[in-house]
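*Asks:* Encoded as structure tokens, here's the structure I'll be asking about.
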Amino acid sequence: MIKVEHLSFSYTKHPFIENMNFSVREGEIFGFLGPSGAGKSTVQKILTALIPAYQGSVQVLGVEAKQHKKSFYEQIGVDFEFPSLYEKLTARENLHFFASLYQHSLPPEPLLERVGLLLEADKQVSAYSKGMKSRLNFIKALMHEPRLLFLDEPTSGLDPSNARLVKDLILEQKAQGRTILLTTHNMHDATELCDRVAFIVDGEIRALDTPHHLIMSRGASRISYTYLDEKGEEKQGTSQLQKTGEDANLVRIIAENRIVSIHSSEPTLNDIFSEVTGRRLQ
Ligand SMILES: Nc1ncnc2c1ncn2[C@@H]1O[C@H](COP(=O)(O)OP(=O)(O)OP(=O)(O)O)[C@@H](O)[C@H]1O
Ligand SMILES: [Mg+2]
């Protein structure tokens with residue numbers, strides 16, 4: 001669906017993106033992760049043909065990005081990081097207007113209902129909260145049933161239950177065969193949603209793999225456990241993952257059903273973010 005080879009781009013005289021390479025397969029959710037200012041939105045803008053002044057090859061749906069015609073926009077859906085909505089129109093009017101720009105479009109009401117906005121569909125967008133605008137902007141990208149979706153931080157600023165609604169819709173889009181490029185700062189969402197993720201730092205891809213491989217390649221070397229001792233008091237223990245059978249204490253307390261909790265110590269995508277980018281998440 002997307003094949004980027006030797007991509008270079010710069011906003012100023014200084015090179016920003018240099019020799020970037022990656023591809024996105026049909027039907028996958030591909031994550032863009034990385035610190036603020038790394039270039040995630042810039043790459044999305046190049047892929048969606050909004051920035052044509054790049055070097056290298058950027059094939060999207062089999063056509064070079066800068067050569068795409070208007071019909072390209074029938075096939076892609078874009079949820080920009082900043083909502084692009086008409087504030088003086090209601091949510092319903094916004095969706096009807098944007099639907100009129102496409103040859104094919106779904107009725108807006110079921111989508112409004114899915115993200116909890118149907119009861120407020122006739123409110124002016126200027127009276128919407130940040131999270132409401134974000135959800136409206138998200139469903140705007142889905143209405144014309146595009147093959148390829150670009151979602152730039154679709155869950156940012158959403159409370160957990162609304163983020164869940166949006167994530168479920170993203171997974172549904174994937175189940176319907178759509179390909180999704182997703183930018184997020186939320187490592188839990190990336191682990192849950194993405195088939196593969198690319199860590200971008202200073203315009204460069206520093207790591208690219210499935211979340212599972214990234215996590216398991218750093219390995220869980222130890223497990224930690226809590227158990228009840230003979231007096232019924234909680235105690236902690238640790239053991240090497242590869243040698244749990246040789247840990248006599250662990251074997252005994254398992255046999256005596258005295259384990260309270262047990263955890264393996266593999267890193268999370270948060271830890272990998274810090275390792276790859278050299279920056280801590282807030
Ligand atoms: N139109 C522009 N003109 C000049 N510089 C720009 C422009 N847009 C972005 N930049 C710069 O390019 C760099 C990358 O910006 P970009 O928006 O791609 O980052 P990002 O990874 O999406 O960050 P965030 O996580 O904050 O959204 C930043 O240093 C930014 O200041
Ligand atoms: Mg961005």
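Letters for chains follow the order of the structure tokens (A, B, ...), residue numbers begin at 1 for each chain, and ligand numbers begin at 1 in the order shown.
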Could you pull the residues within 9 Å of Lys130 of chain A, counting only C-alpha atoms, minus those fewer than 4 positions along the same chain, as an mmCIF file with C-alpha atoms, in the first residue's frame?
*Replies:*
```cif
data_model
loop_
_atom_site.group_PDB
_atom_site.id
_atom_site.type_symbol
_atom_site.label_atom_id
_atom_site.label_comp_id
_atom_site.auth_asym_id
_atom_site.auth_seq_id
_atom_site.Cartn_x
_atom_site.Cartn_y
_atom_site.Cartn_z
ATOM 1 C CA SER A 134 -11.428 15.068 18.075
ATOM 2 C CA ARG A 135 -14.056 12.311 17.761
ATOM 3 C CA GLY A 157 -7.148 14.215 24.611
ATOM 4 C CA LEU A 158 -9.849 11.547 24.925
#
```
*Asks:* Once DSSP has gone over the backbone, tell me which residues of segment 45-179 of chain A are in helix (DSSP H, G or I), as a PDB file with C-alpha atoms, in the first residue's frame.
*Replies:*
```pdb
ATOM      1  CA  LYS A  45       1.856  14.960   4.974  1.00  0.00           C
ATOM      2  CA  ILE A  46       4.294  13.663   2.354  1.00  0.00           C
ATOM      3  CA  LEU A  47       2.353  10.380   2.101  1.00  0.00           C
ATOM      4  CA  ALA A  65       2.734  10.669  -4.033  1.00  0.00           C
ATOM      5  CA  LYS A  66       3.541  13.916  -5.849  1.00  0.00           C
ATOM      6  CA  GLN A  67       1.838  12.649  -9.002  1.00  0.00           C
ATOM      7  CA  PHE A  72      -6.481   9.858  -4.717  1.00  0.00           C
ATOM      8  CA  TYR A  73      -8.461  11.604  -1.982  1.00  0.00           C
ATOM      9  CA  GLU A  74     -11.445   9.302  -2.623  1.00  0.00           C
ATOM     10  CA  GLN A  75      -9.227   6.406  -1.567  1.00  0.00           C
ATOM     11  CA  ALA A  91     -21.555  18.342  13.635  1.00  0.00           C
ATOM     12  CA  ARG A  92     -24.236  16.925  11.329  1.00  0.00           C
ATOM     13  CA  GLU A  93     -23.843  19.831   8.877  1.00  0.00           C
ATOM     14  CA  ASN A  94     -20.059  19.394   8.896  1.00  0.00           C
ATOM     15  CA  LEU A  95     -20.371  15.709   8.029  1.00  0.00           C
ATOM     16  CA  HIS A  96     -22.980  16.357   5.313  1.00  0.00           C
ATOM     17  CA  PHE A  97     -20.721  19.002   3.812  1.00  0.00           C
ATOM     18  CA  PHE A  98     -17.615  16.810   3.783  1.00  0.00           C
ATOM     19  CA  ALA A  99     -19.663  13.858   2.467  1.00  0.00           C
ATOM     20  CA  SER A 100     -20.746  16.028  -0.486  1.00  0.00           C
ATOM     21  CA  PRO A 108     -23.338  10.274   9.226  1.00  0.00           C
ATOM     22  CA  GLU A 109     -25.802   9.279  11.984  1.00  0.00           C
ATOM     23  CA  PRO A 110     -24.556   5.714  12.697  1.00  0.00           C
ATOM     24  CA  LEU A 111     -20.979   7.027  12.920  1.00  0.00           C
ATOM     25  CA  LEU A 112     -22.039   9.886  15.205  1.00  0.00           C
ATOM     26  CA  GLU A 113     -23.772   7.321  17.398  1.00  0.00           C
ATOM     27  CA  ARG A 114     -20.684   5.061  17.525  1.00  0.00           C
ATOM     28  CA  LEU A 118     -25.572  11.594  18.081  1.00  0.00           C
ATOM     29  CA  LEU A 119     -27.450  13.453  20.829  1.00  0.00           C
ATOM     30  CA  GLU A 120     -25.254  16.514  20.198  1.00  0.00           C
ATOM     31  CA  VAL A 125     -18.955  22.725  16.631  1.00  0.00           C
ATOM     32  CA  SER A 126     -17.760  25.943  18.319  1.00  0.00           C
ATOM     33  CA  ALA A 127     -19.611  24.674  21.415  1.00  0.00           C
ATOM     34  CA  LYS A 130     -11.724  19.254  22.592  1.00  0.00           C
ATOM     35  CA  GLY A 131     -12.523  15.537  22.883  1.00  0.00           C
ATOM     36  CA  MET A 132     -15.827  15.967  20.998  1.00  0.00           C
ATOM     37  CA  LYS A 133     -14.055  17.768  18.136  1.00  0.00           C
ATOM     38  CA  SER A 134     -11.428  15.068  18.075  1.00  0.00           C
ATOM     39  CA  ARG A 135     -14.056  12.311  17.761  1.00  0.00           C
ATOM     40  CA  LEU A 136     -15.930  14.243  15.069  1.00  0.00           C
ATOM     41  CA  ASN A 137     -12.716  14.784  13.123  1.00  0.00           C
ATOM     42  CA  PHE A 138     -12.009  11.060  13.393  1.00  0.00           C
ATOM     43  CA  ILE A 139     -15.342   9.887  11.951  1.00  0.00           C
ATOM     44  CA  LYS A 140     -15.028  12.509   9.201  1.00  0.00           C
ATOM     45  CA  ALA A 141     -12.060  10.473   7.939  1.00  0.00           C
ATOM     46  CA  LEU A 142     -14.120   7.242   7.762  1.00  0.00           C
ATOM     47  CA  PRO A 160     -10.537   6.320  28.574  1.00  0.00           C
ATOM     48  CA  SER A 161     -14.079   5.344  27.557  1.00  0.00           C
ATOM     49  CA  ASN A 162     -14.105   7.572  24.469  1.00  0.00           C
ATOM     50  CA  ALA A 163     -10.589   6.383  23.567  1.00  0.00           C
ATOM     51  CA  ARG A 164     -12.005   2.831  23.756  1.00  0.00           C
ATOM     52  CA  LEU A 165     -14.811   3.738  21.313  1.00  0.00           C
ATOM     53  CA  VAL A 166     -12.270   5.150  18.862  1.00  0.00           C
ATOM     54  CA  LYS A 167      -9.900   2.184  19.236  1.00  0.00           C
ATOM     55  CA  ASP A 168     -12.754  -0.268  18.639  1.00  0.00           C
ATOM     56  CA  LEU A 169     -13.671   1.607  15.460  1.00  0.00           C
ATOM     57  CA  ILE A 170     -10.019   1.501  14.329  1.00  0.00           C
ATOM     58  CA  LEU A 171      -9.926  -2.280  14.875  1.00  0.00           C
ATOM     59  CA  GLU A 172     -13.214  -2.598  12.990  1.00  0.00           C
ATOM     60  CA  GLN A 173     -11.745  -0.669  10.050  1.00  0.00           C
ATOM     61  CA  LYS A 174      -8.826  -3.100  10.008  1.00  0.00           C
ATOM     62  CA  ALA A 175     -11.202  -6.101  10.195  1.00  0.00           C
TER      63      ALA A 175
END
```
*Asks:* From the options A:Ile76, A:Leu117, A:Ile29, A:Ile200, which residue's atoms come nearest to ligand 2, counting only C-alpha atoms and all ligand atoms?
*Replies:*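 Checking each of A:Ile76, A:Leu117, A:Ile29, A:Ile200 against ligand 2, counting only C-alpha atoms and all ligand atoms, the winner is A:Ile200.
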*Asks:* Applying 12 Å and only C-alpha atoms, which residues near Arg279 of chain A remain after dropping the ones on its own chain fewer than 3 positions away? List them as a ChimeraX atom specification.
*Replies:* /A:34-36,38,201,270-276,282
*Asks:* Could those selected residues go to a file with C-alpha atoms, as an mmCIF file, in the first residue's frame?
*Replies:*
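File produced: again.cif:
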```
data_model
loop_
_atom_site.group_PDB
_atom_site.id
_atom_site.type_symbol
_atom_site.label_atom_id
_atom_site.label_comp_id
_atom_site.auth_asym_id
_atom_site.auth_seq_id
_atom_site.Cartn_x
_atom_site.Cartn_y
_atom_site.Cartn_z
ATOM 1 C CA GLY A 34 8.460 9.115 18.461
ATOM 2 C CA PRO A 35 9.032 12.293 20.417
ATOM 3 C CA SER A 36 7.413 15.609 19.584
ATOM 4 C CA ALA A 38 10.474 13.910 15.292
ATOM 5 C CA VAL A 201 13.613 10.313 16.022
ATOM 6 C CA ASN A 270 7.263 2.682 27.087
ATOM 7 C CA ASP A 271 10.668 1.289 28.116
ATOM 8 C CA ILE A 272 11.581 0.710 24.477
ATOM 9 C CA PHE A 273 10.492 4.267 23.617
ATOM 10 C CA SER A 274 12.922 5.589 26.242
ATOM 11 C CA GLU A 275 15.704 3.286 25.057
ATOM 12 C CA VAL A 276 15.298 4.025 21.338
ATOM 13 C CA GLN A 282 5.798 12.052 30.738
#
```
*Asks:* Please find the residues contacting ligand 2 at a distance of at most 10 Å between atoms, with only C-alpha atoms and all ligand atoms counted, and report them as a ChimeraX atom specification.
*Replies:* /A:32-45,80-82,152-153,183-185
*Asks:* Output C-alpha atoms for every residue in the selection just made, as an mmCIF file, in the first residue's frame.
*Replies:*
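Okay, this is what ended up in again-v2.cif:
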```
data_model
loop_
_atom_site.group_PDB
_atom_site.id
_atom_site.type_symbol
_atom_site.label_atom_id
_atom_site.label_comp_id
_atom_site.auth_asym_id
_atom_site.auth_seq_id
_atom_site.Cartn_x
_atom_site.Cartn_y
_atom_site.Cartn_z
ATOM 1 C CA PHE A 32 4.459 5.943 13.899
ATOM 2 C CA LEU A 33 5.942 6.554 17.330
ATOM 3 C CA GLY A 34 8.460 9.115 18.461
ATOM 4 C CA PRO A 35 9.032 12.293 20.417
ATOM 5 C CA SER A 36 7.413 15.609 19.584
ATOM 6 C CA GLY A 37 9.042 17.226 16.555
ATOM 7 C CA ALA A 38 10.474 13.910 15.292
ATOM 8 C CA GLY A 39 8.782 14.214 11.904
ATOM 9 C CA LYS A 40 5.776 11.902 12.204
ATOM 10 C CA SER A 41 3.209 14.398 10.917
ATOM 11 C CA THR A 42 5.636 15.592 8.244
ATOM 12 C CA VAL A 43 5.934 12.048 6.841
ATOM 13 C CA GLN A 44 2.138 11.712 6.942
ATOM 14 C CA LYS A 45 1.856 14.960 4.974
ATOM 15 C CA PHE A 80 -5.243 15.412 10.991
ATOM 16 C CA GLU A 81 -3.651 16.022 14.374
ATOM 17 C CA PHE A 82 -5.505 19.353 14.604
ATOM 18 C CA ASP A 152 -2.624 11.366 13.458
ATOM 19 C CA GLU A 153 -3.077 10.949 17.228
ATOM 20 C CA THR A 183 0.550 8.107 14.868
ATOM 21 C CA THR A 184 0.297 7.961 18.631
ATOM 22 C CA HIS A 185 2.096 8.984 21.810
#
```
*Asks:* List the neighbours of Ile254 of chain A out to 12 Å using only C-alpha atoms; skip same-chain residues closer than 2 positions along the sequence, and give me the result as a PyMOL selection string.
*Replies:* chain A and resi 225-229+244-245+247-252+256-262
*Asks:* Find the residues near Thr90 of chain A: any atom within 7 Å, counting only C-alpha atoms, skip ones fewer than 6 places away on the same chain, and give them as a PDB file with N, CA and C atoms, in the first residue's frame.
*Replies:*
```
ATOM      1  N   ALA A 121     -25.526  16.092  17.849  1.00  0.00           N
ATOM      2  CA  ALA A 121     -25.216  16.255  16.426  1.00  0.00           C
ATOM      3  C   ALA A 121     -25.638  17.619  15.896  1.00  0.00           C
ATOM      4  N   ASP A 122     -26.630  18.258  16.537  1.00  0.00           N
ATOM      5  CA  ASP A 122     -27.121  19.533  16.021  1.00  0.00           C
ATOM      6  C   ASP A 122     -26.591  20.749  16.788  1.00  0.00           C
ATOM      7  N   LYS A 123     -25.553  20.493  17.566  1.00  0.00           N
ATOM      8  CA  LYS A 123     -24.875  21.577  18.274  1.00  0.00           C
ATOM      9  C   LYS A 123     -23.794  22.148  17.365  1.00  0.00           C
ATOM     10  N   GLN A 124     -23.593  23.482  17.438  1.00  0.00           N
ATOM     11  CA  GLN A 124     -22.490  24.084  16.676  1.00  0.00           C
ATOM     12  C   GLN A 124     -21.155  23.536  17.169  1.00  0.00           C
ATOM     13  N   VAL A 125     -20.244  23.298  16.246  1.00  0.00           N
ATOM     14  CA  VAL A 125     -18.955  22.725  16.631  1.00  0.00           C
ATOM     15  C   VAL A 125     -18.177  23.671  17.549  1.00  0.00           C
TER      16      VAL A 125
END
```
*Asks:* Could you please determine the separation between atom CA of Arg196 of chain A and atom CA of Glu26 of chain A in Å, to one decimal place?
*Replies:*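 Straight-line distance from atom CA of Arg196 of chain A to atom CA of Glu26 of chain A works out to 12.3 Å.
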*Asks:* Please determine, counting only C-alpha atoms, which residue among A:Asn186, A:Ile205, A:Gln176, A:Val115 has the shortest atom-to-atom distance to Ile17 of chain A.
*Replies:*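 Closest candidate: A:Ile205.
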*Asks:* Smallest atom-to-atom distance to Asp159 of chain A: which of A:Ser217, A:His14, A:Pro146, A:Ser129, using only C-alpha atoms?
*Replies:* A:Ser129
*Asks:* Go through segment 237-270 of chain A and collect every residue that DSSP, computed from the backbone, puts in strand (DSSP E); the answer should be as a ChimeraX atom specification.
*Replies:* /A:237-240,259-264
*Asks:* Give me, as a CSV table (one decimal) with C-alpha atoms, in the first residue's frame, all polymer residues having an atom no more than 9 Å from Thr268 of chain A, counting only C-alpha atoms and skipping those fewer than 6 positions away in the same chain.
*Replies:*
```csv
chain,number,residue,atom,x,y,z
A,187,MET,CA,2.4,3.2,23.9
A,188,HIS,CA,-0.5,1.1,25.3
A,191,THR,CA,0.9,-2.2,21.6
A,215,ILE,CA,9.5,-6.4,23.5
```
*Asks:* Would you list the contacts of Phe16 of chain A as a PyMOL selection string, taking every protein, DNA or RNA residue within 7 Å and counting only C-alpha atoms, but skipping same-chain residues closer than 5 positions in sequence?
*Replies:* chain A and resi 9-10+203
*Asks:* Using only C-alpha atoms, please write the residues we just selected to a file, as a short mmCIF file (atom, residue, chain, number, x, y, z; two decimals), in the first residue's frame.
*Replies:*
```cif
data_model
loop_
_atom_site.label_atom_id
_atom_site.label_comp_id
_atom_site.auth_asym_id
_atom_site.auth_seq_id
_atom_site.Cartn_x
_atom_site.Cartn_y
_atom_site.Cartn_z
CA PHE A 9 13.01 16.20 2.83
CA SER A 10 13.81 19.46 4.52
CA GLY A 203 13.59 12.53 10.99
#
```
*Asks:* Considering only C-alpha atoms and all ligand atoms, can you say which of A:Asp195, A:Glu145, A:Glu87, A:Asp202 comes closest to ligand 1?
*Replies:*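 The closest residue to ligand 1 is A:Asp202.
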*Asks:* From the set A:Val60, A:Ala53, A:Leu106, A:Leu208, which residue has the shortest atom-to-atom contact distance to Tyr11 of chain A, counting only C-alpha atoms?
*Replies:*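 Among the listed residues, the smallest separation from Tyr11 of chain A belongs to A:Ala53.
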*Asks:* Any idea what the distance is between atom CA of Ala190 of chain A and atom CA of Ala220 of chain A?
*Replies:*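 Between atom CA of Ala190 of chain A and atom CA of Ala220 of chain A the gap works out to 19.7 Å.
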*Asks:* Hey, can you check how far atom 2 (C, counted along the ligand's line) of ligand 1 sits from atom CA of Arg178 of chain A?
*Replies:*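 We find that atom 2 (C, counted along the ligand's line) of ligand 1 and atom CA of Arg178 of chain A lie 29.5 Å from each other.
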